[in-house]
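Worksheet: one structure, shown below.
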Amino acid sequence: MSFTPPPYPYERLEGLKKIAEHFDGGPIDCSIGTPVDPTPAVVLGELARAVGTRGYPASAGSLDYREACREWLQRRFAVTLGVDELAACVGTKEFVGTVSGYLHLRTPERDTVLYPSISYPTYAMGATLAGLRSVPVTMNDGRLDLESISARDVERALVLWSNSPSNPTGVLDDLEGVADWGRRHGVLVASDECYAEYTWAGRPRSILEHGLAGVLAVHSVSKRSNFAGARAGFYAGDSEVVTYLRSVRQHAGFMVPGPVQAAVAVAFRDDEHVNVQRAIYRSRLELLSDALGALDVDAPFPEGSFYLWCSRAGMDGWELAAFLAERSGLIVSPGEFYGDAGKNFIRLAVVQPDDRLALAASRLQGR
């Protein structure tokens, strides 16, 4: 049977936007986590210099790119590793969507991708595109319930995905526990950490703090530096796996453009713009979390990320999304987009400018 791609989730929101059109000022779209705040001027300045435009860029990332990523891991997480234990990727979504297929070529006897039952849909889609099984792992209070995985699925597991802070729930997982489980069972753990800079419950964490063997961490400048259009990030961890993936990806022709590599190196060496953005997102989360309470919507402040994971008694996610569109003009993502286990929730991304979110808050509070 041939494969027919399912509708892209966010294309299903047009009906909600029509509901919200009656507001003066129109809909306020908080459905997609696309940054709206400025990319740091120093980063754009480096991009404009167009260093490396003429030649083919290094697929693994230039030495300067990898050094900047390595220095950031040391500075942010106190993780020490060599420049050959990490490599560039063309945005982390590309990496998430393709890595399962490449790992299967290396270990063809394993055919199963394990992923959180409430999660970013590309983990499961990456398995589908590679012709592999995708098996959701039950969540317990938003964290992976590793004991729920059947012995047969453990045997067949090629990789286990973790995501902390979580998209969409904002929950922090036990990364040490996840890494230990993977090593005990001989299953590679891939830890998607692209929201680590926006950790609210304590300091940012990385799975790499608990050793490099049997794990990969995936990071990006899309959220950290409002640089999603550049499509650049990196993966780091187990040296044998990184070396293998570097080689495969070089053959496949994956390359971050040279000028982008130079700009990303500047971004990872600057922390001040992240501190500014952290304050902005915290303020927005607090504003909307409080305002949603006026309509009896449960919207707890997250442990991390810039999302609110919300519910309202008696409503499923689509009903709550329609209710918010009608009452406030907010366009949000029904939790069904992130797995059947999320069907009674919605995700709200605080990625509109302050004045637009203030307008949404005033509508929610009936002002």
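Starting from 1 in every chain, residues are counted up; chains themselves are A, B, ... following the order of the structure tokens, and ligands are numbered from 1 as listed.
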
Please, which residues in segment 238-319 of chain A fall within 10 Å of segment 100-117 of chain A when counting only C-alpha atoms, and what is the closest atom pair and distance in Å to one decimal for each, ordered by chain then residue number, as a tab-separated table?
```
residue	atom	partner	partner_atom	distance
A:Val241	CA	A:Leu103	CA	8.7
A:Tyr244	CA	A:Arg106	CA	8.5
A:Leu245	CA	A:Tyr102	CA	7.3
A:Val248	CA	A:Tyr102	CA	7.3
A:Arg249	CA	A:Tyr102	CA	8.6
```

Closest-contact table, segment 103-173 of chain A side, partner segment 95-99 of chain A, 9 Å, counting only C-alpha atoms, as a Markdown table:
```
| residue | atom | partner | partner_atom | distance |
| --- | --- | --- | --- | --- |
| A:Leu103 | CA | A:Val99 | CA | 6.1 |
| A:His104 | CA | A:Val99 | CA | 8.6 |
| A:Thr122 | CA | A:Gly97 | CA | 5.8 |
| A:Tyr123 | CA | A:Val96 | CA | 6.2 |
| A:Ala124 | CA | A:Gly97 | CA | 8.5 |
| A:Met125 | CA | A:Gly97 | CA | 6.7 |
| A:Gly126 | CA | A:Gly97 | CA | 4.1 |
| A:Ala127 | CA | A:Gly97 | CA | 7.7 |
| A:Leu129 | CA | A:Gly97 | CA | 7.8 |
| A:Ala130 | CA | A:Thr98 | CA | 7.6 |
```

| task | Please provide as a list in words all residues within 7 Å of Arg327 of chain A, with the sequence filter that same-chain residues fewer than 3 positions apart are discarded (counting only C-alpha atoms). | result | Phe323, Leu324 and Leu364 of chain A

Would you mind exporting the chosen residues as a short mmCIF file (atom, residue, chain, number, x, y, z; two decimals), in the first residue's frame, restricted to N, CA and C atoms?
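The new file out_19.cif reads:
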```
data_model
loop_
_atom_site.label_atom_id
_atom_site.label_comp_id
_atom_site.auth_asym_id
_atom_site.auth_seq_id
_atom_site.Cartn_x
_atom_site.Cartn_y
_atom_site.Cartn_z
N PHE A 323 -14.05 27.56 21.80
CA PHE A 323 -14.50 28.44 22.87
C PHE A 323 -13.57 29.66 23.00
N LEU A 324 -12.26 29.43 22.96
CA LEU A 324 -11.30 30.53 23.09
C LEU A 324 -11.30 31.42 21.86
N LEU A 364 -10.17 38.04 27.30
CA LEU A 364 -10.45 36.91 28.19
C LEU A 364 -11.09 37.39 29.50
#
```

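Taking atom CA of Asp354 of chain A and atom CA of Ser31 of chain A as the two end points, the separation is 15.9 Å.
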
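When the distance limit is 12 Å and only C-alpha atoms are what count, the residues near Gly253 of chain A, minus those fewer than 2 positions from it on the same chain, are Tyr56, Pro57, Ala58, Ser59, Ala60, Cys89, Val90, Arg246, Ser247, Val248, Arg249, Gln250, His251, Met255, Val256 and Pro257 of chain A.
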
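Excluding Gly317 of chain A itself and same-chain residues fewer than 6 positions from it, the residues having an atom within 6 Å of it are Pro334, Gly335, Lys343, Asn344, Phe345 and Ile346 of chain A, counting only C-alpha atoms.
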
Thr138 of chain A: which residues within 10 Å, counting only C-alpha atoms, same-chain residues fewer than 4 positions away excluded, as a compact mmCIF listing (two decimals) with C-alpha atoms, in the first residue's frame?
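Written file, selection.txt:
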```txt
# COMPACT_ATOMS: atom_id res chain seq x y z
CA TYR A 115 8.35 8.35 21.79
CA PRO A 116 6.27 10.24 24.38
CA SER A 117 2.54 9.65 23.95
CA ILE A 118 1.98 13.43 24.17
CA GLY A 142 3.83 14.38 31.92
CA ARG A 143 6.95 12.19 32.26
CA LEU A 144 7.89 9.02 30.42
CA ASP A 145 6.58 5.91 32.20
CA LEU A 146 9.42 3.64 31.13
CA GLU A 147 8.08 0.69 33.10
CA SER A 148 5.02 0.68 30.86
CA ILE A 149 7.05 -0.33 27.79
CA ALA A 341 -3.55 11.23 25.01
```

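The list of residues with at least one atom within 12 Å of Glu71 of chain A, based on only C-alpha atoms and without residues fewer than 6 positions apart in the same chain, reads Leu63, Asp64, Tyr65, Phe77, Ala78, Val79, Thr80, Leu81, Gly82, Val83, Leu86, Ala265, Val266, Ala267, Phe268, Arg269, Asp270 and Asp271 of chain A.
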
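DSSP secondary structure from the backbone places Ala157, Leu158, Val159, Leu160, Trp161, Ser162, Asn163, Leu188, Val189, Ala190, Ser191, Asp192, Val215, Leu216, Ala217, Val218, His219, Ser220, Gly233, Phe234, Tyr235, Ala236 and Gly237 of chain A of segment 150-248 of chain A in strand (DSSP E).
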
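Residue nearest Leu288 of chain A, chosen from A:Phe306, A:Val215, A:Ala361, A:Phe254 and counting only C-alpha atoms: A:Ala361.
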
Interface rows for segment 119-191 of chain A against segment 197-213 of chain A: nearest pair, Å to one decimal, 8 Å, only C-alpha atoms, as JSON lines:
```
{"residue": "A:Pro165", "atom": "CA", "partner": "A:Thr199", "partner_atom": "CA", "distance": 6.9}
{"residue": "A:Leu175", "atom": "CA", "partner": "A:Ile207", "partner_atom": "CA", "distance": 5.3}
{"residue": "A:Glu176", "atom": "CA", "partner": "A:His210", "partner_atom": "CA", "distance": 5.9}
{"residue": "A:Ala179", "atom": "CA", "partner": "A:Ile207", "partner_atom": "CA", "distance": 6.9}
{"residue": "A:Arg183", "atom": "CA", "partner": "A:Ala213", "partner_atom": "CA", "distance": 7.8}
{"residue": "A:Ser191", "atom": "CA", "partner": "A:Ile207", "partner_atom": "CA", "distance": 6.7}
```

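For the pair atom CA of Gly170 of chain A and atom CA of Ala291 of chain A, the separation is 18.5 Å.
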
| Quick one, how far is atom CA of Cys194 of chain A from atom CA of Gly339 of chain A? | 19.8 Å
